[in-house]
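A.B. asks: This is the structure I have questions about; it appears just below.
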Amino acid sequence: MPAGEFDRKFQSGEDMVAYCDTNTVRQPKLEQKRVNVDFPVWMIEGLDHAARELGVTRQSLIKFWLAEKLKTSMQDNLKVMARPDLKEV
């Protein structure tokens with residue numbers, strides 16, 4: 001498939017897995033780097049409560065939620081880049 005067609009399908013939100021060779025897929029930049037973040041007590045208590053309900057650690061919950069937020073943010077940015085007539089609010 002030509003790259004332009006691939007890009008159009010991707011930008012329209014089509015599931016692209018069928019067009020990829022999953023045997024050669026790599027996930028770059030998975031190396032870990034430790035960061036320190038200070039949270040207010042109420043936020044830690046909320047994170048701990050949510051983590052207990054889901055049966056995961058606080059760290060796993062934070063990683064998952066941040067990854068989801070970053071994914072959504074990047075998708076929103078791609079949509080704006082794909083449609084110059086749309087302006088970010």
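Chains: A, B, ... in order of the structure tokens. Residues: from 1 per chain. Ligands: from 1, in order shown.
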Can you tell me, as a PyMOL selection string, what residues are no more than 12 Å from segment 2-6 of chain A when counting only C-alpha atoms, ignoring any on the same chain fewer than 6 positions away?

C.D. replies: chain A and resi 12-20

A.B. asks: Produce a file of the selected residues containing C-alpha atoms, as a short mmCIF file (atom, residue, chain, number, x, y, z; two decimals), in the first residue's frame.

C.D. replies:
data_model
loop_
_atom_site.label_atom_id
_atom_site.label_comp_id
_atom_site.auth_asym_id
_atom_site.auth_seq_id
_atom_site.Cartn_x
_atom_site.Cartn_y
_atom_site.Cartn_z
CA SER A 12 -9.36 8.66 9.37
CA GLY A 13 -9.11 6.45 12.46
CA GLU A 14 -9.07 3.10 10.67
CA ASP A 15 -7.59 0.15 12.59
CA MET A 16 -4.15 -0.27 11.01
CA VAL A 17 -3.16 -3.59 12.60
CA ALA A 18 -4.22 -5.55 9.51
CA TYR A 19 -1.73 -3.53 7.43
CA CYS A 20 1.25 -4.16 9.72
#

A.B. asks: Taking only C-alpha atoms into account, name the residue in A:Gln27, A:Lys9, A:Glu68, A:Ile62 that is nearest to Met43 of chain A.

C.D. replies: A:Ile62

A.B. asks: In Å, rounded to a single decimal, give me how far atom CA of Trp65 of chain A is from atom CA of Leu30 of chain A.

C.D. replies: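 That distance, rounded to one decimal, is 16.7 Å.
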
A.B. asks: So, counting only C-alpha atoms, which residue among A:Ile44, A:Asp7, A:Lys63, A:Arg58 is closest to Gln32 of chain A?

C.D. replies: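 That would be A:Lys63, the residue with the smallest distance to Gln32 of chain A.
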